[in-house]
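Structure file target29.txt; described as compact mmCIF, C-alpha atoms.
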```txt
# COMPACT_ATOMS: atom_id res chain seq x y z
CA MET A 1 77.28 95.35 166.99
CA TYR A 2 74.29 97.30 165.69
CA ARG A 3 76.42 98.95 163.02
CA HIS A 4 77.77 95.54 161.99
CA LEU A 5 74.24 94.12 161.60
CA CYS A 6 73.19 97.18 159.59
CA CYS A 7 76.13 96.67 157.26
CA LEU A 8 75.22 93.00 156.78
CA ALA A 9 71.62 93.96 156.08
CA ALA A 10 72.75 96.48 153.49
CA VAL A 11 74.90 93.85 151.78
CA PHE A 12 72.02 91.34 151.66
CA MET A 13 69.61 93.99 150.33
CA ALA A 14 72.09 94.99 147.62
CA ALA A 15 72.55 91.35 146.61
CA ALA A 16 68.79 90.87 146.49
CA VAL A 17 68.34 93.96 144.32
CA CYS A 18 71.12 92.79 141.98
CA THR A 19 69.57 89.32 141.68
CA PHE A 20 66.14 90.79 141.00
CA ALA A 21 67.53 93.15 138.39
CA GLU A 22 69.23 90.27 136.57
CA SER A 23 66.20 87.95 136.71
CA LEU A 24 64.34 87.54 133.44
CA THR A 25 61.11 85.84 132.52
CA ALA A 26 61.16 83.07 129.95
CA ARG A 27 59.21 85.30 127.56
CA GLN A 28 61.84 88.05 127.86
CA ILE A 29 64.64 85.55 127.26
CA ALA A 30 62.88 84.00 124.25
CA ASP A 31 62.20 87.43 122.72
CA ALA A 32 65.84 88.46 123.18
CA ALA A 33 67.03 85.18 121.63
CA ALA A 34 64.83 85.76 118.58
CA LYS A 35 66.58 89.08 117.94
CA LYS A 36 70.04 87.57 117.69
CA ALA A 37 71.90 87.64 114.37
CA ASP A 38 71.53 83.93 113.69
CA ALA A 39 70.36 80.66 115.21
CA ALA A 40 73.80 79.81 116.62
CA ALA A 41 73.88 83.14 118.46
CA SER A 42 70.37 82.45 119.78
CA VAL A 43 71.47 79.09 121.19
CA SER A 44 74.56 80.62 122.81
CA TYR A 45 72.45 83.33 124.41
CA LEU A 46 69.81 80.89 125.67
CA LYS A 47 72.43 78.67 127.31
CA THR A 48 73.70 81.65 129.30
CA ALA A 49 70.39 83.39 129.95
CA VAL A 50 68.71 80.32 131.41
CA LYS A 51 70.81 80.88 134.53
CA SER A 52 69.02 84.22 135.01
CA ALA A 53 65.50 82.80 134.70
CA ALA A 54 63.24 84.36 137.30
CA SER A 55 61.68 81.10 138.53
CA PRO A 56 61.83 77.33 138.06
CA ALA A 57 58.87 77.61 135.67
CA ASP A 58 60.76 80.17 133.59
CA ARG A 59 63.91 78.03 133.61
CA ARG A 60 61.88 75.02 132.51
CA ALA A 61 60.33 77.01 129.65
CA VAL A 62 63.72 78.34 128.51
CA TYR A 63 65.18 74.83 128.35
CA ALA A 64 62.16 73.68 126.33
CA PHE A 65 62.55 76.64 123.97
CA LEU A 66 66.29 75.96 123.67
CA GLY A 67 65.53 72.34 122.78
CA ALA A 68 63.13 73.46 120.05
CA VAL A 69 65.72 75.77 118.51
CA GLN A 70 68.43 73.10 118.66
CA GLU A 71 66.09 70.57 117.04
CA GLN A 72 65.41 73.03 114.22
CA MET A 73 69.18 73.26 113.70
CA ALA A 74 69.47 69.44 113.61
CA LEU A 75 71.52 69.51 116.83
CA TYR A 76 69.57 66.49 117.96
CA ASP A 77 71.67 65.31 120.90
CA ASP A 78 71.85 68.84 122.31
CA ALA A 79 68.09 69.19 121.86
CA ARG A 80 67.54 65.86 123.63
CA ALA A 81 69.55 67.07 126.62
CA SER A 82 67.65 70.38 126.75
CA TYR A 83 64.24 68.72 126.60
CA ALA A 84 65.28 66.23 129.28
CA GLU A 85 66.54 69.08 131.47
CA ALA A 86 63.19 70.83 131.10
CA ALA A 87 61.26 67.65 131.90
CA GLY A 88 63.26 67.22 135.10
CA ILE A 89 62.24 70.59 136.55
CA ALA A 90 59.20 70.29 138.79
CA ALA A 91 57.33 73.46 137.89
CA GLY A 92 54.33 74.70 135.95
CA ASP A 93 54.21 76.58 132.66
CA ALA A 94 55.71 80.04 132.34
CA ALA A 95 53.55 82.98 131.31
CA GLY A 96 53.56 83.71 127.59
CA MET A 97 55.34 80.46 126.66
CA PRO A 98 54.06 77.25 125.02
CA VAL A 99 52.25 74.95 127.41
CA LYS A 100 53.91 71.53 127.70
CA THR A 101 53.60 68.78 130.26
CA SER A 102 56.68 66.97 131.50
CA GLU A 103 55.46 63.89 129.64
CA GLN A 104 55.40 65.86 126.38
CA LEU A 105 58.94 67.04 127.03
CA VAL A 106 60.10 63.46 127.57
CA ILE A 107 58.50 62.51 124.24
CA ASP A 108 60.39 65.41 122.61
CA ALA A 109 63.61 64.07 124.13
CA VAL A 110 62.84 60.59 122.75
CA ARG A 111 62.32 61.95 119.25
CA CYS A 112 65.63 63.79 119.33
CA ALA A 113 67.48 60.76 120.71
CA LEU A 114 66.15 58.72 117.78
CA SER A 115 67.07 61.47 115.32
CA ALA A 116 70.60 61.32 116.74
CA GLY A 117 70.66 57.56 116.18
CA ASP A 118 70.77 56.90 119.92
CA SER A 119 68.07 54.25 120.33
CA ASP A 120 69.43 53.11 123.71
CA THR A 121 68.79 56.52 125.27
CA ALA A 122 65.42 56.72 123.52
CA ASP A 123 64.42 53.38 125.00
CA SER A 124 65.52 54.46 128.48
CA TYR A 125 63.21 57.48 128.25
CA LEU A 126 60.36 55.39 126.84
CA ASN A 127 60.71 52.94 129.72
CA SER A 128 60.63 55.68 132.36
CA SER A 129 57.53 56.77 134.27
CA VAL A 130 56.11 58.20 131.03
CA ARG A 131 55.29 54.60 130.03
CA ASN A 132 52.43 54.73 132.58
CA SER A 133 50.91 57.90 131.16
CA LYS A 134 47.10 58.13 131.20
CA ASN A 135 47.18 60.53 128.26
CA GLU A 136 46.05 58.81 125.02
CA ARG A 137 48.13 61.13 122.83
CA ILE A 138 51.28 60.43 124.85
CA GLN A 139 50.60 56.69 124.62
CA ALA A 140 50.22 57.03 120.84
CA TYR A 141 53.65 58.65 120.60
CA ILE A 142 55.15 55.98 122.85
CA ARG A 143 53.89 53.24 120.52
CA LEU A 144 55.07 55.09 117.41
CA TYR A 145 58.51 55.89 118.80
CA THR A 146 58.93 52.32 120.03
CA GLN A 147 58.61 51.20 116.41
CA TRP A 148 60.95 53.97 115.27
CA SER A 149 63.45 52.69 117.83
CA MET A 150 63.18 49.23 116.30
CA LEU A 151 63.77 50.74 112.85
CA CYS A 152 66.79 52.52 114.26
CA ARG A 153 68.35 49.13 115.01
CA VAL A 154 67.58 47.21 111.81
CA ALA A 155 70.48 45.90 109.74
CA ASP A 156 68.63 44.31 106.79
CA THR A 157 65.28 44.43 105.01
CA GLU A 158 63.97 41.37 106.82
CA ALA A 159 64.20 43.19 110.15
CA VAL A 160 62.11 46.03 108.71
CA ARG A 161 59.07 43.80 108.20
CA GLU A 162 57.99 43.52 111.84
CA PRO A 163 57.76 47.31 112.47
CA VAL A 164 55.90 47.65 109.15
CA ILE A 165 53.31 45.05 110.23
CA VAL A 166 52.85 46.77 113.59
CA LEU A 167 52.53 50.26 112.08
CA LYS A 168 49.97 49.03 109.54
CA ALA A 169 47.89 47.62 112.40
CA TYR A 170 48.25 50.85 114.37
CA CYS A 171 46.86 52.84 111.42
CA GLU A 172 43.51 51.14 112.01
CA LEU A 173 43.30 52.07 115.71
CA PRO A 174 41.30 55.18 116.70
CA SER A 175 43.65 55.65 119.67
CA MET A 176 46.56 56.20 117.22
CA ALA A 177 44.80 58.84 115.11
CA SER A 178 46.93 61.69 116.50
CA VAL A 179 50.10 60.18 115.00
CA LYS A 180 48.61 58.62 111.87
CA PRO A 181 50.28 61.12 109.47
CA ALA A 182 53.70 60.19 110.90
CA MET A 183 52.89 56.49 110.61
CA LEU A 184 51.75 56.83 107.00
CA LEU A 185 54.88 58.79 106.12
CA THR A 186 57.04 56.12 107.75
CA LEU A 187 55.25 53.32 105.91
CA TRP A 188 55.51 55.15 102.58
CA TYR A 189 59.19 55.84 103.08
CA VAL A 190 60.08 52.33 104.24
CA THR A 191 57.97 50.36 101.76
CA GLY A 192 57.78 52.70 98.76
CA ASP A 193 54.06 51.82 98.52
CA ASP A 194 52.08 54.73 97.06
CA THR A 195 49.01 53.54 98.95
CA TYR A 196 50.34 55.37 101.98
CA SER A 197 51.21 58.57 100.13
CA ARG A 198 47.72 58.66 98.62
CA ALA A 199 46.20 58.16 102.07
CA LEU A 200 48.27 61.05 103.40
CA LYS A 201 47.18 63.39 100.61
CA SER A 202 43.56 62.34 101.01
CA GLU A 203 43.19 62.26 104.80
CA PHE A 204 45.74 64.90 105.84
CA PRO A 205 46.18 67.20 102.81
CA LYS A 206 47.51 70.14 104.84
CA SER A 207 49.96 68.16 106.96
CA MET A 208 53.74 68.46 106.75
CA GLU A 209 53.87 64.75 105.97
CA ALA A 210 51.61 65.22 102.92
CA ALA A 211 53.92 68.00 101.74
CA VAL A 212 56.88 65.61 101.96
CA VAL A 213 55.24 62.91 99.83
CA GLY A 214 54.00 65.61 97.47
CA GLY A 215 57.54 66.82 96.92
CA SER A 216 56.91 70.43 97.97
CA VAL A 217 59.29 70.04 100.90
CA ASN A 218 62.32 67.84 101.51
CA MET A 219 62.83 65.78 104.62
CA LEU A 220 66.19 66.39 106.22
CA PRO A 221 67.97 63.06 106.79
CA ALA A 222 68.15 61.60 110.29
CA PRO A 223 70.04 58.38 111.02
CA PHE A 224 67.17 56.58 112.74
CA TRP A 225 65.35 55.83 109.49
CA TYR A 226 66.68 57.86 106.59
CA PHE A 227 69.42 55.32 105.90
CA LEU A 228 67.67 52.17 107.06
CA PRO A 229 67.23 49.23 104.66
CA ARG A 230 63.93 49.65 102.82
CA LEU A 231 61.45 47.32 101.21
CA GLY A 232 60.85 49.65 98.25
CA ALA A 233 61.79 53.01 96.75
CA ALA A 234 59.67 55.97 97.83
CA GLN A 235 59.62 58.67 95.16
CA PRO A 236 58.13 62.07 96.03
CA ASP A 237 55.78 63.66 93.53
CA ILE A 238 57.93 66.73 92.83
CA SER A 239 55.70 69.77 92.49
CA GLY A 240 58.08 72.69 92.72
CA GLU A 241 61.01 74.14 94.60
CA SER A 242 61.57 72.37 97.90
CA VAL A 243 62.26 73.58 101.40
CA PRO A 244 64.07 71.32 103.91
CA VAL A 245 62.23 70.30 107.10
CA SER A 246 63.13 67.95 109.93
CA PRO A 247 61.93 64.32 109.92
CA ALA A 248 59.52 65.14 112.74
CA ALA A 249 57.30 68.09 111.89
CA ALA A 250 58.89 71.42 112.80
CA SER A 251 58.30 72.34 116.43
CA PRO A 252 55.85 75.25 116.84
CA ALA A 253 57.99 76.62 119.68
CA ALA A 254 60.78 77.56 117.28
CA SER A 255 60.37 81.15 116.09
CA ALA A 256 60.40 82.44 112.53
CA GLU A 257 63.39 84.54 113.46
CA ASN A 258 65.34 81.40 114.36
CA ARG A 259 64.44 79.73 111.09
CA ASP A 260 65.50 82.80 109.15
CA GLY A 261 68.73 82.92 111.15
CA ALA A 262 69.52 79.32 110.27
CA GLN A 263 69.01 80.08 106.59
CA ALA A 264 71.23 83.14 106.79
CA ALA A 265 73.96 81.16 108.51
CA SER A 266 74.07 78.67 105.65
CA GLY A 267 75.27 81.46 103.37
CA SER A 268 78.61 81.44 105.17
CA GLU A 269 79.16 77.73 104.51
CA LYS A 270 80.08 75.57 101.54
CA ILE A 271 79.47 71.92 100.75
CA ALA A 272 82.52 69.78 101.48
CA ARG A 273 81.11 66.27 101.03
CA GLN A 274 77.97 64.31 100.25
CA GLN A 275 76.93 61.73 102.86
CA LEU A 276 75.27 58.59 101.51
CA GLY A 277 74.93 56.19 104.39
CA LEU A 278 75.36 55.70 108.12
CA PHE A 279 75.78 52.12 109.37
CA ARG A 280 76.46 50.24 112.58
CA GLU A 281 78.14 47.43 110.64
CA LYS A 282 81.32 48.27 108.72
CA ALA A 283 80.54 45.54 106.18
CA ASN A 284 77.36 47.36 105.15
CA ALA A 285 79.33 50.57 104.59
CA GLU A 286 81.90 48.72 102.51
CA GLU A 287 79.15 47.16 100.40
CA LEU A 288 77.77 50.62 99.60
CA ILE A 289 81.25 51.80 98.65
CA LYS A 290 81.55 48.92 96.20
CA ARG A 291 78.29 49.95 94.56
CA LEU A 292 79.43 53.57 94.37
CA LYS A 293 82.80 52.68 92.87
CA ALA A 294 81.07 50.52 90.31
CA LYS A 295 79.28 53.68 89.15
CA GLY A 296 82.53 55.64 89.05
CA PHE A 297 82.34 57.49 92.38
CA GLU A 298 85.33 57.77 94.75
CA ALA A 299 83.69 56.98 98.09
CA PHE A 300 85.29 56.39 101.47
CA VAL A 301 84.33 55.74 105.09
CA THR A 302 84.59 57.99 108.13
CA THR A 303 83.56 57.01 111.67
CA GLU A 304 81.65 58.75 114.42
CA THR A 305 81.15 57.56 118.00
CA ARG A 306 77.94 58.75 119.64
CA PRO A 307 77.47 59.49 123.38
CA SER A 308 75.81 56.07 123.68
CA GLY A 309 79.18 54.52 122.76
CA THR A 310 77.93 53.25 119.41
CA THR A 311 80.33 53.75 116.50
CA TYR A 312 78.80 54.51 113.12
CA TYR A 313 80.46 54.02 109.75
CA ILE A 314 79.61 56.91 107.44
CA VAL A 315 79.94 56.67 103.66
CA VAL A 316 80.87 59.96 101.99
CA VAL A 317 81.96 61.35 98.62
CA ASP A 318 83.89 64.61 98.29
CA GLU A 319 82.08 67.47 96.57
CA ASN A 320 83.45 68.41 93.13
CA ALA A 321 84.58 71.85 91.97
CA GLU A 322 81.31 72.44 90.08
CA GLY A 323 79.18 71.69 93.15
CA SER A 324 77.21 69.12 91.17
CA MET A 325 78.17 65.92 93.02
CA GLY A 326 74.83 65.68 94.81
CA ASN A 327 72.89 65.78 91.54
CA MET A 328 75.25 63.25 89.97
CA LEU A 329 74.78 60.84 92.87
CA ARG A 330 71.00 61.17 92.86
CA THR A 331 70.90 60.70 89.08
CA ALA A 332 72.86 57.47 89.57
CA GLY A 333 70.25 56.29 92.08
CA PHE A 334 72.01 57.13 95.37
CA GLU A 335 70.40 59.17 98.14
CA CYS A 336 72.68 61.75 99.72
CA TYR A 337 72.75 65.00 101.63
CA PRO A 338 75.42 67.70 101.92
CA ILE A 339 77.94 68.17 104.71
CA PHE A 340 78.83 71.84 105.16
CA VAL A 341 82.00 73.54 106.39
CA ASP A 342 82.73 77.21 106.99
CA LYS A 343 84.03 79.07 103.95
```
Show the structure stored in the file as structure tokens.
Amino acid sequence: MYRHLCCLAAVFMAAAVCTFAESLTARQIADAAAKKADAAASVSYLKTAVKSAASPADRRAVYAFLGAVQEQMALYDDARASYAEAAGIAAGDAAGMPVKTSEQLVIDAVRCALSAGDSDTADSYLNSSVRNSKNERIQAYIRLYTQWSMLCRVADTEAVREPVIVLKAYCELPSMASVKPAMLLTLWYVTGDDTYSRALKSEFPKSMEAAVVGGSVNMLPAPFWYFLPRLGAAQPDISGESVPVSPAAASPAASAENRDGAQAASGSEKIARQQLGLFREKANAEELIKRLKAKGFEAFVTTETRPSGTTYYIVVVDENAEGSMGNMLRTAGFECYPIFVDK
């Protein structure tokens, strides 16, 4: 009997040693992810390594870091799920990692849901316990993202007017100062009124939003407002070569190595099509196609069904052999962005 108990003890000790040896802190996991060949490899590693996180706090931090990397890669629905996973872990902050409350992580998940065009999920997060936050900054984001969610649903220019009125009022509130650059950028983009771009350059000259209106960076398109009906045309003041950024300012948790990896990965891809619009109503997509064909472009519709169950109608034009279709479309007055495929 004694020998049997000793054997069991040895087995348990060996298992404990093995588990300890495989446990990693969030900082160790993040550092290892940053050394991967590209952003896709970093994401793959993080998804596996999170299972070896040394504690709930480390696991929470890894999911938050994973969400930041996925958001940088425009994998918005994946990023939403990662942020939500992190927010659901009851633990503190991990050593050496960005400090984020669970409320902040929920707000991150809302932003990504909106960027994915999933306003229903965004609203469900906004209407969770975070709605009762005592944090003024969190409340500012809740108000902003509530208006973004409304913009996500609009089908015509008339429906845009109410969020515009609300955002203009919010710009005057001291409690909304933390998100004022995002509000001004939204108002400039939706209305085309240079009053808002001038305010951005004057009040927040070093902000990412000011760089967008100044034309020194490009805003990557996201369905929740990039393709919404607008009251006017917003034209950036082009000042030099541009660098793409996400609609929300780039997350500070994403490392430079991950950004470089994403750029390197693009070298193995080619442009297959130019996307011009994403609509809930097929009639709106067909109307855009008529306009495109009137200008001599061969456009067609593809569909995509999101996890929310919503089907979107996407207007695209095939890239030409010279790779100049994007410039041709923009010259003709159509906004577009490239869809890549592996070479």
Contacts of Ala116 (chain A) within 10 Å, all atoms listed in the file, excl. fewer than 3 positions in-chain, as a ChimeraX atom specification: /A:74-80,110-113,119,121-122,152,222-224,306-307
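Interatomic distance, CA of Glu136 (chain A) against CA of Ser175 (chain A): 6.7 Å.
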message: Report, in Å to a single decimal, how far apart CA of Leu126 (chain A) and CA of Ser55 (chain A) are.
response: 28.3 Å
query: What is the CA of Ala332 (chain A) to CA of Met208 (chain A) distance in Å?
result: 28.0 Å
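Among the candidates A:Ala140, A:Ala109, A:Ala211, A:Val130, the one nearest to Pro174 (chain A) when counting all atoms listed in the file is A:Ala140.
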task: Just give me the residues with any atom within 9 Å of (60.1, 77.4, 142.5), file coordinates, counting all atoms listed in the file, written as JSON, numbers by chain.
output: {"A": [55, 56, 57, 90, 91]}
